[in-house]
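Enquirer: mmCIF, C-alpha atoms, file upload_36.cif:
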```cif
data_work
loop_
_atom_site.label_atom_id
_atom_site.label_comp_id
_atom_site.auth_asym_id
_atom_site.auth_seq_id
_atom_site.Cartn_x
_atom_site.Cartn_y
_atom_site.Cartn_z
CA ASN L 118 105.49 59.36 221.37
CA ALA L 119 106.52 62.45 223.33
CA GLY L 120 109.99 62.45 221.74
CA VAL L 121 112.53 64.27 223.90
CA THR L 122 111.20 65.94 227.04
CA GLN L 123 113.02 68.33 229.36
CA THR L 124 112.23 69.65 232.82
CA PRO L 125 112.03 72.32 234.01
CA LYS L 126 111.18 74.72 231.18
CA PHE L 127 112.41 77.77 233.10
CA GLN L 128 114.63 78.20 236.14
CA VAL L 129 116.17 81.11 238.01
CA LEU L 130 119.09 80.40 240.32
CA LYS L 131 121.33 82.47 242.53
CA THR L 132 125.08 82.24 242.14
CA GLY L 133 126.37 79.19 243.98
CA GLN L 134 123.12 77.24 243.97
CA SER L 135 122.95 73.79 242.42
CA MET L 136 120.36 72.17 240.24
CA THR L 137 119.78 69.25 237.92
CA LEU L 138 118.22 69.49 234.46
CA GLN L 139 116.30 66.39 233.48
CA CYS L 140 115.97 64.88 230.02
CA ALA L 141 114.12 61.80 228.84
CA GLN L 142 113.46 60.24 225.45
CA ASP L 143 110.96 57.56 224.49
CA MET L 144 112.38 56.66 221.08
CA ASN L 145 114.69 53.90 222.32
CA HIS L 146 117.70 55.92 221.17
CA ASN L 147 121.18 54.93 222.26
CA SER L 148 122.88 58.33 222.18
CA MET L 149 121.98 61.45 224.12
CA TYR L 150 123.46 64.94 224.23
CA TRP L 151 123.41 68.17 226.22
CA TYR L 152 123.96 71.51 224.45
CA ARG L 153 123.84 75.14 225.47
CA GLN L 154 122.75 78.00 223.22
CA ASP L 155 123.82 81.57 223.83
CA PRO L 156 122.64 84.67 221.93
CA GLY L 157 124.35 85.09 218.57
CA MET L 158 126.09 81.75 218.86
CA GLY L 159 125.32 78.31 217.64
CA LEU L 160 124.74 75.40 219.96
CA ARG L 161 127.76 74.11 221.83
CA LEU L 162 128.05 70.57 223.11
CA ILE L 163 128.51 70.19 226.87
CA TYR L 164 128.48 66.41 227.33
CA TYR L 165 127.22 63.41 225.46
CA SER L 166 126.49 59.76 226.09
CA ALA L 167 127.11 57.52 223.10
CA SER L 168 125.38 54.62 224.80
CA GLU L 169 124.00 53.65 228.19
CA GLY L 170 126.82 53.54 230.72
CA THR L 171 129.16 55.93 228.90
CA THR L 172 129.58 59.69 229.02
CA ASP L 173 132.10 61.99 227.35
CA LYS L 174 133.02 65.65 227.48
CA GLY L 175 132.04 67.96 224.68
CA GLU L 176 133.31 71.40 223.80
CA VAL L 177 132.30 73.24 227.02
CA PRO L 178 132.12 70.76 229.95
CA ASN L 179 133.55 72.91 232.74
CA GLY L 180 131.10 73.54 235.58
CA TYR L 181 128.80 70.65 234.61
CA ASN L 182 128.36 66.98 235.40
CA VAL L 183 126.11 64.43 233.76
CA SER L 184 124.50 61.11 234.58
CA ARG L 185 123.11 58.59 232.13
CA LEU L 186 120.60 57.12 234.53
CA ASN L 187 119.31 54.51 232.09
CA LYS L 188 118.73 54.28 228.36
CA ARG L 189 115.88 56.81 228.51
CA GLU L 190 117.26 59.46 230.87
CA PHE L 191 120.26 61.78 230.77
CA SER L 192 120.61 64.51 233.42
CA LEU L 193 122.82 67.60 233.57
CA ARG L 194 123.93 68.96 236.93
CA LEU L 195 125.26 72.39 237.83
CA GLU L 196 127.01 72.00 241.17
CA SER L 197 127.65 75.71 241.82
CA ALA L 198 125.88 77.90 239.31
CA ALA L 199 127.63 80.97 237.89
CA PRO L 200 126.18 83.89 235.86
CA SER L 201 128.19 82.61 232.85
CA GLN L 202 125.94 79.56 232.87
CA THR L 203 122.89 81.66 232.02
CA SER L 204 121.78 80.07 228.77
CA VAL L 205 119.21 77.91 227.06
CA TYR L 206 119.97 74.22 227.50
CA PHE L 207 118.89 71.62 224.96
CA CYS L 208 118.89 67.88 225.26
CA ALA L 209 118.98 65.74 222.13
CA SER L 210 119.02 62.08 221.20
CA SER L 211 119.88 59.96 218.18
CA PRO L 212 119.50 56.26 217.40
CA ARG L 213 123.22 55.68 217.72
CA GLU L 214 126.48 57.57 217.50
CA LEU L 215 128.04 58.19 214.08
CA SER L 216 124.96 56.92 212.38
CA TYR L 217 123.14 58.12 209.33
CA ASN L 218 120.36 59.28 211.58
CA GLU L 219 119.45 62.72 212.76
CA GLN L 220 119.52 64.19 216.22
CA PHE L 221 116.15 64.98 217.79
CA PHE L 222 115.91 67.89 220.19
CA GLY L 223 113.85 68.70 223.27
CA PRO L 224 112.13 72.07 223.79
CA GLY L 225 114.89 73.49 226.00
CA THR L 226 115.36 74.79 229.53
CA ARG L 227 115.86 78.52 229.96
CA LEU L 228 118.21 79.08 232.89
CA THR L 229 119.06 82.42 234.47
CA VAL L 230 121.76 82.65 237.11
CA LEU L 231 121.70 85.89 239.12
CA LYS I 96 139.92 75.18 213.86
CA GLN I 97 136.87 73.58 212.29
CA GLU I 98 134.11 76.17 212.13
CA VAL I 99 130.70 76.70 210.58
CA THR I 100 129.54 80.12 209.42
CA GLN I 101 126.13 81.31 208.32
CA ILE I 102 125.77 84.65 206.58
CA PRO I 103 123.62 86.71 206.73
CA ALA I 104 122.50 86.58 210.34
CA ALA I 105 119.06 87.85 209.35
CA LEU I 106 117.05 87.95 206.12
CA SER I 107 113.63 89.36 205.20
CA VAL I 108 111.82 88.43 202.01
CA PRO I 109 108.31 88.95 200.64
CA GLU I 110 105.95 86.00 200.55
CA GLY I 111 106.22 83.84 197.46
CA GLU I 112 109.90 84.51 196.83
CA ASN I 113 112.36 81.67 196.33
CA LEU I 114 115.35 82.05 198.63
CA VAL I 115 118.71 80.52 199.46
CA LEU I 116 120.32 80.27 202.88
CA ASN I 117 124.07 79.79 203.05
CA CYS I 118 126.33 77.69 205.23
CA SER I 119 130.11 77.55 204.91
CA PHE I 120 132.55 75.30 206.74
CA THR I 121 136.31 75.45 207.08
CA ASP I 122 137.26 71.81 206.42
CA SER I 123 136.08 69.66 203.52
CA ALA I 124 136.55 66.44 205.51
CA ILE I 125 133.06 66.01 206.81
CA TYR I 126 130.90 63.06 207.82
CA ASN I 127 127.53 64.72 207.28
CA LEU I 128 125.71 68.05 207.41
CA GLN I 129 122.32 68.75 208.92
CA TRP I 130 119.91 71.67 208.52
CA PHE I 131 117.61 72.57 211.42
CA ARG I 132 114.74 74.96 211.96
CA GLN I 133 114.24 76.71 215.29
CA ASP I 134 111.07 78.62 216.11
CA PRO I 135 111.22 81.32 218.82
CA GLY I 136 111.36 79.79 222.27
CA LYS I 137 111.36 76.27 220.87
CA GLY I 138 113.78 73.44 220.29
CA LEU I 139 115.36 72.46 216.98
CA THR I 140 113.57 70.51 214.30
CA SER I 141 115.67 68.56 211.83
CA LEU I 142 114.90 69.47 208.22
CA LEU I 143 117.44 67.64 206.08
CA LEU I 144 120.51 65.48 206.62
CA ILE I 145 123.10 65.18 203.85
CA GLN I 146 125.77 62.49 204.00
CA SER I 147 129.26 63.33 202.73
CA SER I 148 128.71 61.14 199.68
CA GLN I 149 125.55 63.01 198.65
CA ARG I 150 125.19 66.22 196.67
CA GLU I 151 121.66 67.15 197.68
CA GLN I 152 118.55 66.20 199.61
CA THR I 153 114.98 67.32 199.05
CA SER I 154 111.92 67.48 201.25
CA GLY I 155 108.85 69.22 199.93
CA ARG I 156 109.72 72.86 199.18
CA LEU I 157 113.18 72.47 200.70
CA ASN I 158 116.32 71.46 198.88
CA ALA I 159 119.73 71.28 200.51
CA SER I 160 122.92 71.01 198.50
CA LEU I 161 126.43 70.10 199.55
CA ASP I 162 129.73 71.05 197.90
CA LYS I 163 132.52 69.71 200.07
CA SER I 164 135.34 70.96 197.88
CA SER I 165 134.24 74.56 198.32
CA GLY I 166 133.09 74.06 201.92
CA ARG I 167 129.53 75.17 201.23
CA SER I 168 125.97 74.05 201.68
CA THR I 169 122.83 75.88 200.66
CA LEU I 170 119.23 75.48 201.77
CA TYR I 171 116.82 76.46 199.02
CA ILE I 172 113.25 77.31 200.03
CA ALA I 173 110.76 77.53 197.18
CA ALA I 174 107.69 79.76 197.23
CA SER I 175 108.31 81.05 200.74
CA GLN I 176 105.41 81.47 203.16
CA PRO I 177 105.03 83.44 206.41
CA GLY I 178 105.03 80.09 208.23
CA ASP I 179 108.62 79.59 207.08
CA SER I 180 109.70 82.42 209.38
CA ALA I 181 112.18 80.93 211.84
CA THR I 182 115.89 80.64 212.50
CA TYR I 183 117.66 78.11 210.29
CA LEU I 184 120.79 76.46 211.63
CA CYS I 185 123.39 74.44 209.81
CA ALA I 186 125.46 71.83 211.68
CA VAL I 187 128.44 69.85 210.43
CA ARG I 188 130.01 66.67 211.72
CA PHE I 189 133.70 66.94 210.83
CA LEU I 190 135.94 63.94 210.35
CA ILE I 191 139.08 63.55 212.44
CA SER I 192 142.33 61.87 211.48
CA SER I 193 141.54 58.57 213.16
CA GLY I 194 138.64 58.08 210.79
CA SER I 195 135.98 58.80 213.35
CA ALA I 196 134.02 62.02 213.50
CA ARG I 197 133.62 64.90 215.86
CA GLN I 198 130.32 65.92 217.35
CA LEU I 199 128.12 68.39 215.52
CA THR I 200 129.53 71.89 215.07
CA PHE I 201 126.75 74.46 214.68
CA GLY I 202 126.60 77.72 212.82
CA SER I 203 124.97 80.67 214.56
CA GLY I 204 121.95 80.57 212.27
CA THR I 205 120.08 82.80 209.84
CA GLN I 206 116.89 84.38 211.15
CA LEU I 207 114.39 84.36 208.27
CA THR I 208 111.31 86.57 208.15
CA VAL I 209 108.81 86.04 205.35
CA LEU I 210 106.58 89.08 205.02
CA PRO I 211 102.91 88.64 204.04
#
```
Using C-alpha coordinates, write down the structure from this file.

Expert:
Amino acid sequence: NAGVTQTPKFQVLKTGQSMTLQCAQDMNHNSMYWYRQDPGMGLRLIYYSASEGTTDKGEVPNGYNVSRLNKREFSLRLESAAPSQTSVYFCASSPRELSYNEQFFGPGTRLTVL
Amino acid sequence: KQEVTQIPAALSVPEGENLVLNCSFTDSAIYNLQWFRQDPGKGLTSLLLIQSSQREQTSGRLNASLDKSSGRSTLYIAASQPGDSATYLCAVRFLISSGSARQLTFGSGTQLTVLP
(Lines of atoms letter the chains of each structure in order from A and count residues from 1; the text may use other names and numbers.)
(Lines give C-alpha, C1' and ligand atoms only; values in the text may rest on other atoms or scores of the structure.)
Protein backbone atom coordinates (compact mmCIF):
# COMPACT_ATOMS: atom_id res chain seq x y z
CA ASN A 1 0.00 0.00 0.00
CA ALA A 2 1.26 3.47 -0.87
CA GLY A 3 -0.74 5.04 1.97
CA VAL A 4 -1.44 8.74 1.33
CA THR A 5 0.14 10.24 -1.78
CA GLN A 6 0.31 13.90 -2.76
CA THR A 7 1.21 15.65 -6.00
CA PRO A 8 3.11 17.76 -6.74
CA LYS A 9 5.91 17.67 -4.16
CA PHE A 10 7.02 21.23 -4.92
CA GLN A 11 5.37 24.14 -6.69
CA VAL A 12 6.19 27.78 -7.31
CA LEU A 13 3.37 30.10 -8.31
CA LYS A 14 3.05 33.78 -9.08
CA THR A 15 0.48 35.86 -7.25
CA GLY A 16 -2.92 35.41 -8.85
CA GLN A 17 -2.22 32.04 -10.46
CA SER A 18 -4.39 29.05 -9.67
CA MET A 19 -3.51 25.45 -9.00
CA THR A 20 -4.89 22.22 -7.60
CA LEU A 21 -3.10 20.01 -5.08
CA GLN A 22 -3.96 16.35 -5.45
CA CYS A 23 -4.27 13.76 -2.69
CA ALA A 24 -5.13 10.08 -2.87
CA GLN A 25 -5.27 7.28 -0.31
CA ASP A 26 -5.44 3.55 -0.87
CA MET A 27 -6.46 2.49 2.63
CA ASN A 28 -10.22 2.64 2.03
CA HIS A 29 -10.51 5.43 4.59
CA ASN A 30 -13.71 7.42 4.86
CA SER A 31 -12.31 10.71 6.15
CA MET A 32 -9.75 12.98 4.52
CA TYR A 33 -8.17 16.27 5.57
CA TRP A 34 -6.10 19.16 4.25
CA TYR A 35 -3.70 21.00 6.59
CA ARG A 36 -1.12 23.73 6.18
CA GLN A 37 2.07 24.02 8.21
CA ASP A 38 3.90 27.31 8.64
CA PRO A 39 7.27 27.84 10.36
CA GLY A 40 7.02 27.86 14.14
CA MET A 41 3.37 26.88 14.06
CA GLY A 42 1.55 23.63 14.32
CA LEU A 43 -0.59 22.27 11.55
CA ARG A 44 -3.84 24.09 10.89
CA LEU A 45 -6.85 22.46 9.30
CA ILE A 46 -8.06 24.00 6.04
CA TYR A 47 -10.90 21.67 5.03
CA TYR A 48 -11.97 18.14 5.74
CA SER A 49 -14.28 15.52 4.31
CA ALA A 50 -15.83 13.24 6.91
CA SER A 51 -17.12 10.91 4.22
CA GLU A 52 -17.50 10.74 0.47
CA GLY A 53 -19.85 13.48 -0.69
CA THR A 54 -19.32 15.82 2.27
CA THR A 55 -16.85 18.62 2.91
CA ASP A 56 -16.54 21.07 5.79
CA LYS A 57 -14.46 24.12 6.61
CA GLY A 58 -11.66 23.90 9.10
CA GLU A 59 -9.81 26.63 10.93
CA VAL A 60 -8.33 28.49 7.91
CA PRO A 61 -10.53 27.90 4.81
CA ASN A 62 -10.36 31.34 3.20
CA GLY A 63 -8.77 31.34 -0.24
CA TYR A 64 -9.22 27.58 -0.75
CA ASN A 65 -11.77 25.19 -2.20
CA VAL A 66 -11.89 21.42 -2.03
CA SER A 67 -13.41 18.54 -3.94
CA ARG A 68 -13.94 15.01 -2.68
CA LEU A 69 -13.78 13.40 -6.09
CA ASN A 70 -14.45 9.88 -4.81
CA LYS A 71 -13.61 7.87 -1.73
CA ARG A 72 -9.90 7.79 -2.62
CA GLU A 73 -9.25 11.35 -3.78
CA PHE A 74 -9.50 14.76 -2.12
CA SER A 75 -8.17 17.84 -3.94
CA LEU A 76 -7.37 21.34 -2.70
CA ARG A 77 -7.66 24.29 -5.07
CA LEU A 78 -6.16 27.75 -4.81
CA GLU A 79 -8.15 29.94 -7.18
CA SER A 80 -5.96 33.06 -6.93
CA ALA A 81 -2.76 32.37 -5.04
CA ALA A 82 -1.41 34.94 -2.58
CA PRO A 83 2.02 35.14 -0.88
CA SER A 84 0.28 34.37 2.44
CA GLN A 85 -0.50 30.94 1.05
CA THR A 86 3.20 30.04 0.89
CA SER A 87 3.30 26.99 3.13
CA VAL A 88 3.68 23.24 3.30
CA TYR A 89 0.40 21.47 2.64
CA PHE A 90 -0.38 18.05 4.09
CA CYS A 91 -3.18 15.71 3.24
CA ALA A 92 -4.29 13.10 5.77
CA SER A 93 -6.85 10.34 6.05
CA SER A 94 -8.47 8.29 8.79
CA PRO A 95 -10.80 5.29 8.77
CA ARG A 96 -13.73 7.41 9.89
CA GLU A 97 -14.44 10.64 11.71
CA LEU A 98 -14.43 10.68 15.52
CA SER A 99 -13.06 7.20 15.60
CA TYR A 100 -10.47 5.62 17.80
CA ASN A 101 -8.17 5.51 14.84
CA GLU A 102 -5.25 7.67 13.93
CA GLN A 103 -4.79 10.06 11.07
CA PHE A 104 -2.26 9.06 8.41
CA PHE A 105 -0.37 11.79 6.60
CA GLY A 106 1.06 12.24 3.12
CA PRO A 107 4.59 13.58 2.47
CA GLY A 108 3.45 17.15 1.82
CA THR A 109 3.50 19.72 -0.97
CA ARG A 110 5.84 22.66 -0.58
CA LEU A 111 4.22 25.70 -2.18
CA THR A 112 5.85 29.08 -2.74
CA VAL A 113 3.81 32.01 -3.99
CA LEU A 114 5.89 34.91 -5.32
CA LYS B 1 -9.69 29.36 23.16
CA GLN B 2 -8.60 25.73 23.09
CA GLU B 3 -4.86 25.62 22.52
CA VAL B 4 -1.97 23.18 22.61
CA THR B 5 1.50 24.24 23.72
CA GLN B 6 4.80 22.41 23.51
CA ILE B 7 7.79 23.68 25.45
CA PRO B 8 10.69 23.74 24.77
CA ALA B 9 10.71 24.38 21.04
CA ALA B 10 14.08 22.62 20.74
CA LEU B 11 16.01 20.13 22.85
CA SER B 12 19.45 18.51 22.51
CA VAL B 13 20.48 15.47 24.51
CA PRO B 14 23.40 13.03 24.41
CA GLU B 15 22.79 9.54 23.08
CA GLY B 16 21.55 7.06 25.63
CA GLU B 17 19.73 9.59 27.79
CA ASN B 18 16.12 9.09 28.80
CA LEU B 19 14.05 12.16 28.00
CA VAL B 20 10.57 13.62 28.37
CA LEU B 21 8.76 15.85 25.90
CA ASN B 22 5.92 17.98 27.20
CA CYS B 23 2.53 18.91 25.82
CA SER B 24 0.00 21.10 27.62
CA PHE B 25 -3.57 21.90 26.61
CA THR B 26 -5.99 24.53 27.85
CA ASP B 27 -9.17 22.47 28.26
CA SER B 28 -9.49 19.15 30.06
CA ALA B 29 -12.51 18.12 27.97
CA ILE B 30 -10.74 16.13 25.31
CA TYR B 31 -11.67 13.21 23.07
CA ASN B 32 -8.15 11.94 22.45
CA LEU B 33 -4.53 13.03 22.11
CA GLN B 34 -2.04 11.93 19.49
CA TRP B 35 1.75 12.17 19.32
CA PHE B 36 3.43 12.45 15.92
CA ARG B 37 6.99 12.41 14.64
CA GLN B 38 8.04 14.58 11.71
CA ASP B 39 11.39 14.15 9.98
CA PRO B 40 12.82 17.11 8.02
CA GLY B 41 11.02 17.57 4.73
CA LYS B 42 8.66 14.69 5.44
CA GLY B 43 5.10 14.13 6.51
CA LEU B 44 3.90 13.17 9.98
CA THR B 45 4.09 9.67 11.37
CA SER B 46 1.69 8.74 14.14
CA LEU B 47 3.47 7.41 17.23
CA LEU B 48 0.82 6.97 19.90
CA LEU B 49 -2.87 7.71 20.32
CA ILE B 50 -4.33 8.05 23.82
CA GLN B 51 -8.08 8.04 24.35
CA SER B 52 -9.54 10.31 27.03
CA SER B 53 -10.28 7.30 29.23
CA GLN B 54 -6.66 6.11 29.16
CA ARG B 55 -3.72 7.20 31.30
CA GLU B 56 -0.89 5.97 29.10
CA GLN B 57 0.13 4.14 25.96
CA THR B 58 3.38 2.37 25.19
CA SER B 59 5.14 1.42 21.99
CA GLY B 60 8.66 0.08 22.20
CA ARG B 61 10.89 2.73 23.80
CA LEU B 62 8.07 5.28 23.77
CA ASN B 63 5.57 5.89 26.53
CA ALA B 64 2.93 8.60 26.41
CA SER B 65 0.97 9.65 29.47
CA LEU B 66 -2.17 11.71 29.81
CA ASP B 67 -3.36 13.77 32.77
CA LYS B 68 -6.54 15.53 31.74
CA SER B 69 -7.10 17.28 35.04
CA SER B 70 -3.80 19.13 34.76
CA GLY B 71 -4.02 19.50 30.98
CA ARG B 72 -0.76 17.69 30.33
CA SER B 73 0.68 14.87 28.31
CA THR B 74 4.26 13.67 28.24
CA LEU B 75 6.14 11.56 25.73
CA TYR B 76 8.91 9.56 27.37
CA ILE B 77 11.70 8.25 25.15
CA ALA B 78 13.97 5.68 26.75
CA ALA B 79 17.62 5.21 25.81
CA SER B 80 17.57 7.86 23.10
CA GLN B 81 19.38 7.26 19.80
CA PRO B 82 20.53 9.61 17.02
CA GLY B 83 17.76 8.13 14.86
CA ASP B 84 15.23 9.62 17.28
CA SER B 85 16.21 13.10 16.08
CA ALA B 86 13.08 14.68 14.63
CA THR B 87 10.32 17.12 15.50
CA TYR B 88 7.67 15.69 17.82
CA LEU B 89 4.18 17.12 17.62
CA CYS B 90 1.29 16.73 20.00
CA ALA B 91 -2.30 17.07 18.75
CA VAL B 92 -5.50 17.16 20.77
CA ARG B 93 -9.09 16.59 19.75
CA PHE B 94 -11.16 18.75 22.10
CA LEU B 95 -14.76 18.01 22.96
CA ILE B 96 -17.45 20.59 22.29
CA SER B 97 -20.67 21.17 24.21
CA SER B 98 -22.86 19.16 21.87
CA GLY B 99 -20.91 16.04 22.76
CA SER B 100 -19.07 15.84 19.48
CA ALA B 101 -15.44 16.78 19.05
CA ARG B 102 -13.46 19.37 17.22
CA GLN B 103 -10.79 18.53 14.70
CA LEU B 104 -7.22 18.03 15.83
CA THR B 105 -5.50 21.05 17.35
CA PHE B 106 -1.72 20.82 16.97
CA GLY B 107 1.09 22.14 19.09
CA SER B 108 4.04 23.74 17.32
CA GLY B 109 6.33 20.83 18.15
CA THR B 110 9.61 20.15 19.93
CA GLN B 111 12.64 19.67 17.70
CA LEU B 112 14.75 16.93 19.28
CA THR B 113 18.42 16.36 18.49
CA VAL B 114 20.14 13.30 19.92
CA LEU B 115 23.90 13.76 19.78
CA PRO B 116 26.15 10.74 19.11

Enquirer: Residues of chain I no more than 9 Å from chain L, counting only C-alpha atoms: send them over as a ChimeraX atom specification.

Expert: /I:104,126-127,129,136-141,143-146,184-186,195-204

Enquirer: Need to verify the contact set: Asp162 (chain I), 9 Å, all atoms listed in the file, exclusion of same-chain residues closer than 6 positions in sequence. Can you return it as JSON, numbers by chain?

Expert: {"I": [123, 150, 151, 168, 169]}

Enquirer: For the PyMOL selection byres ((chain I and resi 114) around 12), applied here, can you spell out every residue it catches as a ChimeraX atom specification?

Expert: /I:106-113,115-117,156-159,169-176,179,207-209

Enquirer: Generate a file of the selected residues that holds C-alpha atoms, formatted as a PDB file, in the coordinates of the input.

Expert:
```
ATOM      1  CA  LEU I 106     117.050  87.950 206.120  1.00  0.00           C
ATOM      2  CA  SER I 107     113.630  89.360 205.200  1.00  0.00           C
ATOM      3  CA  VAL I 108     111.820  88.430 202.010  1.00  0.00           C
ATOM      4  CA  PRO I 109     108.310  88.950 200.640  1.00  0.00           C
ATOM      5  CA  GLU I 110     105.950  86.000 200.550  1.00  0.00           C
ATOM      6  CA  GLY I 111     106.220  83.840 197.460  1.00  0.00           C
ATOM      7  CA  GLU I 112     109.900  84.510 196.830  1.00  0.00           C
ATOM      8  CA  ASN I 113     112.360  81.670 196.330  1.00  0.00           C
ATOM      9  CA  VAL I 115     118.710  80.520 199.460  1.00  0.00           C
ATOM     10  CA  LEU I 116     120.320  80.270 202.880  1.00  0.00           C
ATOM     11  CA  ASN I 117     124.070  79.790 203.050  1.00  0.00           C
ATOM     12  CA  ARG I 156     109.720  72.860 199.180  1.00  0.00           C
ATOM     13  CA  LEU I 157     113.180  72.470 200.700  1.00  0.00           C
ATOM     14  CA  ASN I 158     116.320  71.460 198.880  1.00  0.00           C
ATOM     15  CA  ALA I 159     119.730  71.280 200.510  1.00  0.00           C
ATOM     16  CA  THR I 169     122.830  75.880 200.660  1.00  0.00           C
ATOM     17  CA  LEU I 170     119.230  75.480 201.770  1.00  0.00           C
ATOM     18  CA  TYR I 171     116.820  76.460 199.020  1.00  0.00           C
ATOM     19  CA  ILE I 172     113.250  77.310 200.030  1.00  0.00           C
ATOM     20  CA  ALA I 173     110.760  77.530 197.180  1.00  0.00           C
ATOM     21  CA  ALA I 174     107.690  79.760 197.230  1.00  0.00           C
ATOM     22  CA  SER I 175     108.310  81.050 200.740  1.00  0.00           C
ATOM     23  CA  GLN I 176     105.410  81.470 203.160  1.00  0.00           C
ATOM     24  CA  ASP I 179     108.620  79.590 207.080  1.00  0.00           C
ATOM     25  CA  LEU I 207     114.390  84.360 208.270  1.00  0.00           C
ATOM     26  CA  THR I 208     111.310  86.570 208.150  1.00  0.00           C
ATOM     27  CA  VAL I 209     108.810  86.040 205.350  1.00  0.00           C
TER      28      VAL I 209
END
```

Enquirer: Which residue, L:Leu138, L:Leu186, L:Met149, L:Leu228, has the smallest gap to Gln202 (chain L) when you use all atoms listed in the file?

Expert: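 Nearest to Gln202 (chain L): L:Leu228.
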
Enquirer: When you draw a straight line from CA of Met144 (chain L) to CA of Lys174 (chain L), how long is it in Å?

Expert: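 CA of Met144 (chain L) sits 23.4 Å away from CA of Lys174 (chain L).
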
Enquirer: Using only C-alpha atoms - which residues lie no farther than 6 Å from the point (130.4, 66.5, 209.7) in the file's frame? Write them as number ranges by chain.

Expert: I: 125-128, 187-189

Enquirer: Hey, can you check how far CA of Ser147 (chain I) sits from CA of Ile191 (chain I)?

Expert: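 Calculated distance between CA of Ser147 (chain I) and CA of Ile191 (chain I) is 13.8 Å.
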
Enquirer: List the spatial neighbours of Ala199 (chain L) as an MDAnalysis selection string - criterion: any atom at most 8 Å away, all atoms listed in the file, same-chain residues fewer than 6 positions off excluded.

Expert: chainID L and resid 131:133 230:231

Enquirer: So the first atom is CA of Ser192 (chain L) and the second is CA of Thr137 (chain L); what is the distance between them in Å, to one decimal place?

Expert: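 Going from CA of Ser192 (chain L) over to CA of Thr137 (chain L), I get 6.6 Å.
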
Enquirer: Which residue is closest to Trp151 (chain L)? Choose from L:Pro200, L:Gly120, L:Pro125, L:Pro178 and count all atoms listed in the file.

Expert: L:Pro178

Enquirer: Looking at all atoms listed in the file, which of L:Ser135, L:Ser148, L:Gln128, L:Gln142 is the one that sits closest to Asp173 (chain L)?

Expert: L:Ser148

Enquirer: Counting all atoms listed in the file, find the residues whose atoms lie at most 10 Å from (135.0, 74.9, 200.6) (file coordinates) and write them out as a list in words.

Expert: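 Every residue inside that radius is included here: Ser119, Phe120, Thr121, Asp122, Ser123, Ala124, Leu161, Asp162, Lys163, Ser164, Ser165, Gly166, Arg167 and Ser168 of chain I.
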
Enquirer: Residues near Lys188 (chain L), anyone? I mean within 8 Å using all atoms listed in the file, not counting same-chain ones fewer than 4 positions away, as a ChimeraX atom specification.

Expert: /L:145-147,168-169

Enquirer: Going by the chain IDs and residue numbers used in this file, which residues fall under the PyMOL selection byres ((chain I and resi 183) around 7)? Write them as a PyMOL selection string.

Expert: chain I and resi 131-133+181-182+184-185+204-206

Enquirer: Would you please work out which residue, of L:Pro212, L:Gln123, L:Glu196, L:Ser201, is nearest to Val183 (chain L) when using only C-alpha atoms?

Expert: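 For Val183 (chain L), the nearest of the candidates is L:Glu196.
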